[in-house]
$ cat query12.pdb   # PDB, C-alpha atoms, pLDDT in the B column
MODEL        1
ATOM      1  CA  MET A   1       5.610  13.393  23.782  1.00 52.00           C
ATOM      2  CA  SER A   2       2.656  11.152  22.939  1.00 60.00           C
ATOM      3  CA  THR A   3       2.339   7.873  24.809  1.00 74.00           C
ATOM      4  CA  ARG A   4      -0.129   6.508  22.270  1.00 91.00           C
ATOM      5  CA  GLU A   5       0.877   3.776  19.863  1.00 94.00           C
ATOM      6  CA  THR A   6       1.844   4.972  16.389  1.00 98.00           C
ATOM      7  CA  VAL A   7       0.565   3.434  13.176  1.00 98.00           C
ATOM      8  CA  ILE A   8       2.206   4.323   9.881  1.00 98.00           C
ATOM      9  CA  LEU A   9       0.003   4.089   6.775  1.00 98.00           C
ATOM     10  CA  VAL A  10       2.086   3.883   3.595  1.00 98.00           C
ATOM     11  CA  PRO A  11       0.427   4.904   0.299  1.00 98.00           C
ATOM     12  CA  GLY A  12       0.952   3.074  -2.962  1.00 98.00           C
ATOM     13  CA  LEU A  13       1.900   4.113  -6.478  1.00 98.00           C
ATOM     14  CA  LEU A  14       0.645   7.620  -7.355  1.00 98.00           C
ATOM     15  CA  CYS A  15      -1.276   7.760  -4.079  1.00 98.00           C
ATOM     16  CA  ASP A  16      -1.101  10.099  -1.096  1.00 98.00           C
ATOM     17  CA  ALA A  17      -2.843  10.504   2.261  1.00 98.00           C
ATOM     18  CA  VAL A  18      -6.267  10.586   0.598  1.00 98.00           C
ATOM     19  CA  VAL A  19      -6.095   6.838  -0.040  1.00 98.00           C
ATOM     20  CA  TRP A  20      -6.025   6.365   3.750  1.00 98.00           C
ATOM     21  CA  GLU A  21      -8.524   9.117   4.639  1.00 98.00           C
ATOM     22  CA  HIS A  22     -11.180   6.808   6.085  1.00 98.00           C
ATOM     23  CA  GLN A  23      -8.658   4.651   7.941  1.00 98.00           C
ATOM     24  CA  THR A  24      -6.970   7.730   9.388  1.00 98.00           C
ATOM     25  CA  ALA A  25     -10.290   8.873  10.802  1.00 98.00           C
ATOM     26  CA  ALA A  26     -10.997   5.421  12.228  1.00 97.00           C
ATOM     27  CA  LEU A  27      -7.609   5.056  13.906  1.00 97.00           C
ATOM     28  CA  SER A  28      -6.656   8.572  14.973  1.00 96.00           C
ATOM     29  CA  GLU A  29      -8.953   8.691  18.004  1.00 93.00           C
ATOM     30  CA  HIS A  30      -6.754   6.139  19.774  1.00 95.00           C
ATOM     31  CA  TYR A  31      -3.489   6.061  17.801  1.00 97.00           C
ATOM     32  CA  ASP A  32      -1.013   8.513  16.352  1.00 97.00           C
ATOM     33  CA  VAL A  33      -1.164   8.191  12.568  1.00 98.00           C
ATOM     34  CA  ILE A  34       1.733   8.995  10.236  1.00 98.00           C
ATOM     35  CA  ILE A  35       1.346   8.951   6.448  1.00 98.00           C
ATOM     36  CA  PRO A  36       4.682   9.359   4.658  1.00 98.00           C
ATOM     37  CA  ALA A  37       4.995  10.870   1.192  1.00 97.00           C
ATOM     38  CA  LEU A  38       7.054   8.687  -1.136  1.00 97.00           C
ATOM     39  CA  THR A  39       7.694  11.294  -3.815  1.00 97.00           C
ATOM     40  CA  GLN A  40      11.444  11.905  -3.502  1.00 97.00           C
ATOM     41  CA  GLN A  41      12.938   8.393  -3.616  1.00 98.00           C
ATOM     42  CA  ASP A  42      13.571   5.927  -6.441  1.00 97.00           C
ATOM     43  CA  SER A  43      14.229   2.689  -4.548  1.00 98.00           C
ATOM     44  CA  MET A  44      12.433   0.555  -2.005  1.00 98.00           C
ATOM     45  CA  ALA A  45      15.401   0.859   0.339  1.00 98.00           C
ATOM     46  CA  ALA A  46      15.383   4.663   0.204  1.00 98.00           C
ATOM     47  CA  MET A  47      11.623   4.783   0.678  1.00 98.00           C
ATOM     48  CA  ALA A  48      11.905   2.556   3.742  1.00 98.00           C
ATOM     49  CA  GLU A  49      14.717   4.682   5.143  1.00 98.00           C
ATOM     50  CA  HIS A  50      12.505   7.743   4.760  1.00 98.00           C
ATOM     51  CA  VAL A  51       9.641   6.033   6.593  1.00 98.00           C
ATOM     52  CA  LEU A  52      11.969   5.015   9.405  1.00 98.00           C
ATOM     53  CA  SER A  53      13.243   8.581   9.700  1.00 98.00           C
ATOM     54  CA  LEU A  54       9.685   9.695  10.526  1.00 98.00           C
ATOM     55  CA  ALA A  55       8.877   6.841  12.898  1.00 98.00           C
ATOM     56  CA  PRO A  56       9.150   6.541  16.677  1.00 97.00           C
ATOM     57  CA  GLU A  57      11.217   3.746  18.153  1.00 97.00           C
ATOM     58  CA  ARG A  58       8.320   1.259  17.966  1.00 97.00           C
ATOM     59  CA  PHE A  59       5.340   1.385  15.628  1.00 98.00           C
ATOM     60  CA  ALA A  60       2.764  -0.559  13.653  1.00 98.00           C
ATOM     61  CA  ILE A  61       2.863  -0.211   9.871  1.00 98.00           C
ATOM     62  CA  ALA A  62       0.333  -0.852   7.135  1.00 98.00           C
ATOM     63  CA  GLY A  63       1.023  -0.482   3.428  1.00 98.00           C
ATOM     64  CA  HIS A  64      -1.172  -0.512   0.349  1.00 98.00           C
ATOM     65  CA  SER A  65       0.096  -1.803  -3.011  1.00 98.00           C
ATOM     66  CA  MET A  66       3.598  -0.344  -3.509  1.00 98.00           C
ATOM     67  CA  GLY A  67       3.343   0.932   0.061  1.00 98.00           C
ATOM     68  CA  ALA A  68       3.058  -2.635   1.342  1.00 98.00           C
ATOM     69  CA  ARG A  69       6.300  -3.514  -0.423  1.00 98.00           C
ATOM     70  CA  VAL A  70       7.848  -0.514   1.312  1.00 98.00           C
ATOM     71  CA  ALA A  71       6.417  -1.713   4.643  1.00 98.00           C
ATOM     72  CA  LEU A  72       8.090  -5.090   4.108  1.00 98.00           C
ATOM     73  CA  GLU A  73      11.372  -3.325   3.406  1.00 98.00           C
ATOM     74  CA  VAL A  74      10.887  -1.296   6.609  1.00 98.00           C
ATOM     75  CA  TRP A  75      10.508  -4.581   8.483  1.00 98.00           C
ATOM     76  CA  ARG A  76      13.629  -5.961   6.772  1.00 98.00           C
ATOM     77  CA  GLN A  77      15.672  -2.915   7.785  1.00 98.00           C
ATOM     78  CA  ALA A  78      14.342  -2.625  11.343  1.00 98.00           C
ATOM     79  CA  PRO A  79      12.394  -5.737  12.418  1.00 98.00           C
ATOM     80  CA  GLY A  80      12.780  -4.953  16.096  1.00 97.00           C
ATOM     81  CA  ARG A  81      10.939  -1.663  15.712  1.00 98.00           C
ATOM     82  CA  VAL A  82       7.827  -3.046  13.982  1.00 98.00           C
ATOM     83  CA  THR A  83       5.078  -4.235  16.335  1.00 97.00           C
ATOM     84  CA  ARG A  84       2.556  -5.172  13.640  1.00 97.00           C
ATOM     85  CA  LEU A  85       2.493  -5.348   9.868  1.00 98.00           C
ATOM     86  CA  ALA A  86      -0.438  -5.048   7.444  1.00 98.00           C
ATOM     87  CA  LEU A  87      -0.028  -5.730   3.722  1.00 98.00           C
ATOM     88  CA  LEU A  88      -2.918  -4.747   1.446  1.00 98.00           C
ATOM     89  CA  ASP A  89      -3.392  -5.419  -2.284  1.00 98.00           C
ATOM     90  CA  THR A  90       0.219  -6.240  -2.967  1.00 98.00           C
ATOM     91  CA  GLY A  91       2.775  -8.945  -3.712  1.00 97.00           C
ATOM     92  CA  VAL A  92       6.270 -10.086  -2.795  1.00 97.00           C
ATOM     93  CA  HIS A  93       7.653 -11.233  -6.146  1.00 96.00           C
ATOM     94  CA  PRO A  94      10.244  -9.255  -8.128  1.00 96.00           C
ATOM     95  CA  ALA A  95       9.280  -7.619 -11.412  1.00 94.00           C
ATOM     96  CA  SER A  96       8.670 -10.064 -14.243  1.00 92.00           C
ATOM     97  CA  ALA A  97       9.731  -9.629 -17.849  1.00 92.00           C
ATOM     98  CA  GLU A  98       6.060  -9.200 -18.791  1.00 92.00           C
ATOM     99  CA  GLU A  99       5.581  -6.396 -16.279  1.00 93.00           C
ATOM    100  CA  LEU A 100       8.339  -4.130 -17.564  1.00 94.00           C
ATOM    101  CA  PRO A 101       6.806  -3.097 -20.939  1.00 95.00           C
ATOM    102  CA  LYS A 102       3.465  -2.425 -19.242  1.00 94.00           C
ATOM    103  CA  ARG A 103       5.169  -0.106 -16.766  1.00 96.00           C
ATOM    104  CA  GLN A 104       7.074   1.618 -19.581  1.00 97.00           C
ATOM    105  CA  ALA A 105       3.860   2.194 -21.510  1.00 97.00           C
ATOM    106  CA  MET A 106       2.407   4.005 -18.516  1.00 97.00           C
ATOM    107  CA  LEU A 107       5.573   6.081 -18.162  1.00 98.00           C
ATOM    108  CA  ASP A 108       5.347   7.074 -21.822  1.00 98.00           C
ATOM    109  CA  ILE A 109       1.787   8.309 -21.279  1.00 98.00           C
ATOM    110  CA  SER A 110       2.577  10.398 -18.193  1.00 98.00           C
ATOM    111  CA  ALA A 111       5.691  11.895 -19.790  1.00 98.00           C
ATOM    112  CA  GLY A 112       4.110  12.560 -23.176  1.00 98.00           C
ATOM    113  CA  GLN A 113       0.472  13.335 -22.388  1.00 98.00           C
ATOM    114  CA  GLY A 114       0.341  14.236 -18.694  1.00 98.00           C
ATOM    115  CA  MET A 115      -1.159  12.865 -15.521  1.00 98.00           C
ATOM    116  CA  THR A 116      -4.833  13.186 -16.493  1.00 98.00           C
ATOM    117  CA  ALA A 117      -4.210  11.099 -19.597  1.00 98.00           C
ATOM    118  CA  LEU A 118      -2.416   8.566 -17.415  1.00 98.00           C
ATOM    119  CA  ALA A 119      -5.368   8.465 -15.009  1.00 98.00           C
ATOM    120  CA  ASP A 120      -7.708   7.766 -17.944  1.00 98.00           C
ATOM    121  CA  ILE A 121      -5.761   4.590 -18.763  1.00 97.00           C
ATOM    122  CA  TRP A 122      -4.381   3.531 -15.379  1.00 97.00           C
ATOM    123  CA  LEU A 123      -7.338   3.989 -13.032  1.00 98.00           C
ATOM    124  CA  PRO A 124     -10.131   1.864 -14.579  1.00 97.00           C
ATOM    125  CA  PRO A 125      -8.363  -1.502 -14.016  1.00 96.00           C
ATOM    126  CA  MET A 126      -7.435  -0.422 -10.485  1.00 97.00           C
ATOM    127  CA  VAL A 127     -11.036  -0.453  -9.224  1.00 98.00           C
ATOM    128  CA  LYS A 128     -14.152  -2.604  -9.387  1.00 97.00           C
ATOM    129  CA  PRO A 129     -15.455  -2.723 -12.970  1.00 96.00           C
ATOM    130  CA  GLY A 130     -17.836   0.158 -13.635  1.00 95.00           C
ATOM    131  CA  LEU A 131     -17.095   1.946 -10.362  1.00 96.00           C
ATOM    132  CA  LEU A 132     -15.618   5.075 -11.942  1.00 96.00           C
ATOM    133  CA  GLU A 133     -18.846   5.527 -13.898  1.00 96.00           C
ATOM    134  CA  SER A 134     -21.189   4.847 -10.979  1.00 96.00           C
ATOM    135  CA  ASP A 135     -19.354   6.700  -8.187  1.00 97.00           C
ATOM    136  CA  THR A 136     -18.516  10.206  -9.357  1.00 96.00           C
ATOM    137  CA  VAL A 137     -17.197  11.270  -5.941  1.00 97.00           C
ATOM    138  CA  LEU A 138     -14.664   8.436  -5.832  1.00 97.00           C
ATOM    139  CA  ARG A 139     -13.743   9.097  -9.454  1.00 98.00           C
ATOM    140  CA  ALA A 140     -13.007  12.745  -8.646  1.00 98.00           C
ATOM    141  CA  GLN A 141     -10.909  11.776  -5.603  1.00 98.00           C
ATOM    142  CA  LEU A 142      -8.866   9.254  -7.570  1.00 98.00           C
ATOM    143  CA  TYR A 143      -8.262  11.596 -10.493  1.00 98.00           C
ATOM    144  CA  ALA A 144      -7.266  14.456  -8.188  1.00 98.00           C
ATOM    145  CA  MET A 145      -4.816  12.200  -6.361  1.00 98.00           C
ATOM    146  CA  VAL A 146      -3.108  11.119  -9.585  1.00 98.00           C
ATOM    147  CA  GLU A 147      -3.105  14.708 -10.876  1.00 98.00           C
ATOM    148  CA  ARG A 148      -1.297  15.890  -7.714  1.00 98.00           C
ATOM    149  CA  MET A 149       1.620  13.721  -8.803  1.00 98.00           C
ATOM    150  CA  THR A 150       4.024  14.527 -11.652  1.00 98.00           C
ATOM    151  CA  PRO A 151       5.675  12.538 -14.438  1.00 98.00           C
ATOM    152  CA  ALA A 152       8.947  12.774 -12.463  1.00 98.00           C
ATOM    153  CA  ILE A 153       7.360  11.271  -9.348  1.00 98.00           C
ATOM    154  CA  HIS A 154       5.788   8.570 -11.494  1.00 98.00           C
ATOM    155  CA  ARG A 155       9.156   7.686 -12.999  1.00 98.00           C
ATOM    156  CA  GLN A 156      10.853   7.556  -9.584  1.00 98.00           C
ATOM    157  CA  GLN A 157       8.195   5.277  -8.150  1.00 98.00           C
ATOM    158  CA  ILE A 158       8.218   2.991 -11.199  1.00 98.00           C
ATOM    159  CA  THR A 159      12.012   2.810 -10.971  1.00 98.00           C
ATOM    160  CA  ALA A 160      11.635   1.631  -7.385  1.00 98.00           C
ATOM    161  CA  LEU A 161       9.011  -0.919  -8.376  1.00 97.00           C
ATOM    162  CA  VAL A 162      10.797  -2.473 -11.326  1.00 97.00           C
ATOM    163  CA  ASN A 163      13.972  -2.844  -9.251  1.00 97.00           C
ATOM    164  CA  ARG A 164      12.197  -4.198  -6.180  1.00 97.00           C
ATOM    165  CA  PRO A 165      13.752  -7.165  -4.385  1.00 95.00           C
ATOM    166  CA  ASP A 166      12.155 -10.561  -3.952  1.00 96.00           C
ATOM    167  CA  ALA A 167      10.535 -10.244  -0.526  1.00 97.00           C
ATOM    168  CA  ALA A 168       9.230 -13.815  -0.302  1.00 97.00           C
ATOM    169  CA  PRO A 169      12.203 -15.051   1.788  1.00 97.00           C
ATOM    170  CA  LEU A 170      11.287 -12.507   4.490  1.00 97.00           C
ATOM    171  CA  LEU A 171       7.804 -13.858   5.141  1.00 98.00           C
ATOM    172  CA  PRO A 172       8.603 -16.912   7.321  1.00 98.00           C
ATOM    173  CA  GLN A 173      10.816 -14.721   9.506  1.00 97.00           C
ATOM    174  CA  ILE A 174       8.051 -12.262  10.473  1.00 98.00           C
ATOM    175  CA  ALA A 175       6.923 -12.993  14.024  1.00 95.00           C
ATOM    176  CA  CYS A 176       4.637 -10.011  14.722  1.00 96.00           C
ATOM    177  CA  PRO A 177       0.885 -10.029  13.999  1.00 96.00           C
ATOM    178  CA  VAL A 178       0.274  -9.594  10.265  1.00 98.00           C
ATOM    179  CA  LEU A 179      -2.866  -8.676   8.351  1.00 98.00           C
ATOM    180  CA  ILE A 180      -3.014  -9.676   4.691  1.00 98.00           C
ATOM    181  CA  GLY A 181      -5.869  -7.833   2.981  1.00 98.00           C
ATOM    182  CA  VAL A 182      -7.027  -7.777  -0.636  1.00 98.00           C
ATOM    183  CA  GLY A 183      -9.972  -6.632  -2.686  1.00 98.00           C
ATOM    184  CA  GLU A 184     -12.123  -9.502  -3.919  1.00 98.00           C
ATOM    185  CA  LEU A 185     -12.012  -8.040  -7.442  1.00 98.00           C
ATOM    186  CA  ASP A 186      -8.389  -6.850  -7.443  1.00 98.00           C
ATOM    187  CA  ARG A 187      -7.186  -7.470 -10.998  1.00 95.00           C
ATOM    188  CA  TRP A 188      -3.608  -6.253 -10.465  1.00 93.00           C
ATOM    189  CA  SER A 189      -2.825  -8.307  -7.351  1.00 96.00           C
ATOM    190  CA  PRO A 190      -5.671 -10.818  -6.976  1.00 97.00           C
ATOM    191  CA  PRO A 191      -6.626 -12.779  -3.866  1.00 98.00           C
ATOM    192  CA  ASP A 192      -4.862 -15.939  -5.038  1.00 97.00           C
ATOM    193  CA  GLN A 193      -1.607 -13.984  -5.000  1.00 97.00           C
ATOM    194  CA  HIS A 194      -2.125 -13.217  -1.310  1.00 98.00           C
ATOM    195  CA  GLU A 195      -2.991 -16.704  -0.106  1.00 98.00           C
ATOM    196  CA  PRO A 196       0.602 -18.052  -0.255  1.00 98.00           C
ATOM    197  CA  MET A 197       1.820 -14.872   1.434  1.00 98.00           C
ATOM    198  CA  ALA A 198      -0.541 -15.441   4.345  1.00 98.00           C
ATOM    199  CA  ALA A 199       0.399 -19.120   4.506  1.00 98.00           C
ATOM    200  CA  ALA A 200       4.108 -18.285   4.696  1.00 98.00           C
ATOM    201  CA  ILE A 201       3.804 -15.874   7.662  1.00 97.00           C
ATOM    202  CA  PRO A 202       3.418 -17.554  11.086  1.00 94.00           C
ATOM    203  CA  ASN A 203       0.996 -15.013  12.610  1.00 90.00           C
ATOM    204  CA  ALA A 204      -0.917 -13.846   9.551  1.00 97.00           C
ATOM    205  CA  ARG A 205      -4.648 -13.383   9.101  1.00 97.00           C
ATOM    206  CA  MET A 206      -6.058 -12.865   5.623  1.00 98.00           C
ATOM    207  CA  VAL A 207      -9.142 -10.780   4.876  1.00 98.00           C
ATOM    208  CA  VAL A 208     -10.819 -10.429   1.475  1.00 98.00           C
ATOM    209  CA  PHE A 209     -12.721  -7.156   1.009  1.00 98.00           C
ATOM    210  CA  GLU A 210     -15.920  -8.078  -0.793  1.00 98.00           C
ATOM    211  CA  GLY A 211     -16.708  -5.976  -3.846  1.00 97.00           C
ATOM    212  CA  ALA A 212     -13.404  -4.079  -3.872  1.00 98.00           C
ATOM    213  CA  GLY A 213     -10.785  -3.833  -6.571  1.00 98.00           C
ATOM    214  CA  HIS A 214      -7.152  -2.823  -6.080  1.00 98.00           C
ATOM    215  CA  MET A 215      -8.041   0.473  -4.363  1.00 98.00           C
ATOM    216  CA  ALA A 216      -9.722  -1.319  -1.466  1.00 98.00           C
ATOM    217  CA  PRO A 217      -9.043   1.375   1.199  1.00 98.00           C
ATOM    218  CA  MET A 218     -11.139   3.818  -0.865  1.00 98.00           C
ATOM    219  CA  GLU A 219     -13.585   1.378  -2.485  1.00 98.00           C
ATOM    220  CA  THR A 220     -14.665  -0.462   0.681  1.00 98.00           C
ATOM    221  CA  PRO A 221     -13.390   1.909   3.371  1.00 98.00           C
ATOM    222  CA  ASP A 222     -15.519   0.575   6.217  1.00 98.00           C
ATOM    223  CA  ALA A 223     -14.327  -2.998   5.711  1.00 98.00           C
ATOM    224  CA  VAL A 224     -10.670  -1.992   5.450  1.00 98.00           C
ATOM    225  CA  SER A 225     -10.899   0.257   8.505  1.00 98.00           C
ATOM    226  CA  ALA A 226     -12.583  -2.495  10.532  1.00 98.00           C
ATOM    227  CA  ALA A 227      -9.835  -4.955   9.606  1.00 98.00           C
ATOM    228  CA  LEU A 228      -7.132  -2.475  10.607  1.00 98.00           C
ATOM    229  CA  VAL A 229      -8.845  -1.615  13.901  1.00 97.00           C
ATOM    230  CA  GLU A 230      -8.999  -5.306  14.756  1.00 96.00           C
ATOM    231  CA  TRP A 231      -5.380  -5.841  13.656  1.00 97.00           C
ATOM    232  CA  ILE A 232      -3.932  -2.989  15.689  1.00 95.00           C
ATOM    233  CA  ALA A 233      -5.811  -4.095  18.812  1.00 91.00           C
ATOM    234  CA  ILE A 234      -4.023  -7.465  18.883  1.00 86.00           C
ATOM    235  CA  ALA A 235      -1.808  -7.689  21.947  1.00 75.00           C
ATOM    236  CA  VAL A 236       1.904  -7.950  21.236  1.00 76.00           C
ATOM    237  CA  GLY A 237       4.985  -8.511  23.345  1.00 62.00           C
ATOM    238  CA  GLY A 238       6.886  -5.578  24.761  1.00 46.00           C
TER     239      GLY A 238
ENDMDL
END

$ encode --input "query12.pdb" --output "structure tokens"
Amino acid sequence: MSTRETVILVPGLLCDAVVWEHQTAALSEHYDVIIPALTQQDSMAAMAEHVLSLAPERFAIAGHSMGARVALEVWRQAPGRVTRLALLDTGVHPASAEELPKRQAMLDISAGQGMTALADIWLPPMVKPGLLESDTVLRAQLYAMVERMTPAIHRQQITALVNRPDAAPLLPQIACPVLIGVGELDRWSPPDQHEPMAAAIPNARMVVFEGAGHMAPMETPDAVSAALVEWIAIAVGG
């Protein structure tokens, strides 16, 4: 059995381990890294239960986008097991009335036209403007990741998102070290959405990833990895 600390990296909507590829490489020399697949559940609670089923007794957890909401739900279900928490490019509010038709429009595209057609519409606002045109390698990685998913997985994950709980009341209760990270150019969950989150958590540090959009772990991988390395090195109580 490993005696190394475990860090769980939770992917977001339509993402898999590739979104954390750089961070996995940066952390795995000194930590055990687990990346759960959230492709079989349709609620935040069930996703968190799945993550906990894979986890050791104590662990650090970082989530990106939807994955950060899952990480918060993991903390809610088992706060005594979480040593550190990192929340990247995310939010804590429940779904708004304005959000629901936008989500449904995306579901209609994946169901009716397929995952590549969805990627054509969904991906451009998720990254720095113009990045998909200028970085063909990143474009190929992002498209392949979306295309590995299915319309059924998309619907399950959207169901979880639109029924997500309000997580704001949890924030003042979190006593472990917390990293709040966000891409400077994130148009889906912008920096000003993260500032009150960081202010509400007693031991939070906020980092803005310069030049990144919503897919910060892939867009500015060095900056995100450096922030996570610093975060996981913070001493915590036993």

$ atom_distance --input "query12.pdb" --atom1 "CA of Ala78 (chain A)" --atom2 "CA of Val162 (chain A)"
22.9 Å

$ closest_residue --input "query12.pdb" --among "A:Arg155, A:Arg103, A:Arg76, A:His194" --to "Met206 (chain A)" --atoms "only C-alpha atoms"
A:His194

$ atom_distance --input "query12.pdb" --atom1 "CA of Arg58 (chain A)" --atom2 "CA of Asp89 (chain A)"
24.3 Å

$ closest_residue --input "query12.pdb" --among "A:Asp135, A:Glu230, A:Glu219, A:Asp16" --to "Val178 (chain A)" --atoms "all atoms listed in the file"
A:Glu230

$ atom_distance --input "query12.pdb" --atom1 "CA of Pro172 (chain A)" --atom2 "CA of Val10 (chain A)"
22.1 Å

$ closest_residue --input "query12.pdb" --among "A:Ala175, A:Ala46, A:Ala204, A:Leu13" --to "Leu123 (chain A)" --atoms "only C-alpha atoms"
A:Leu13
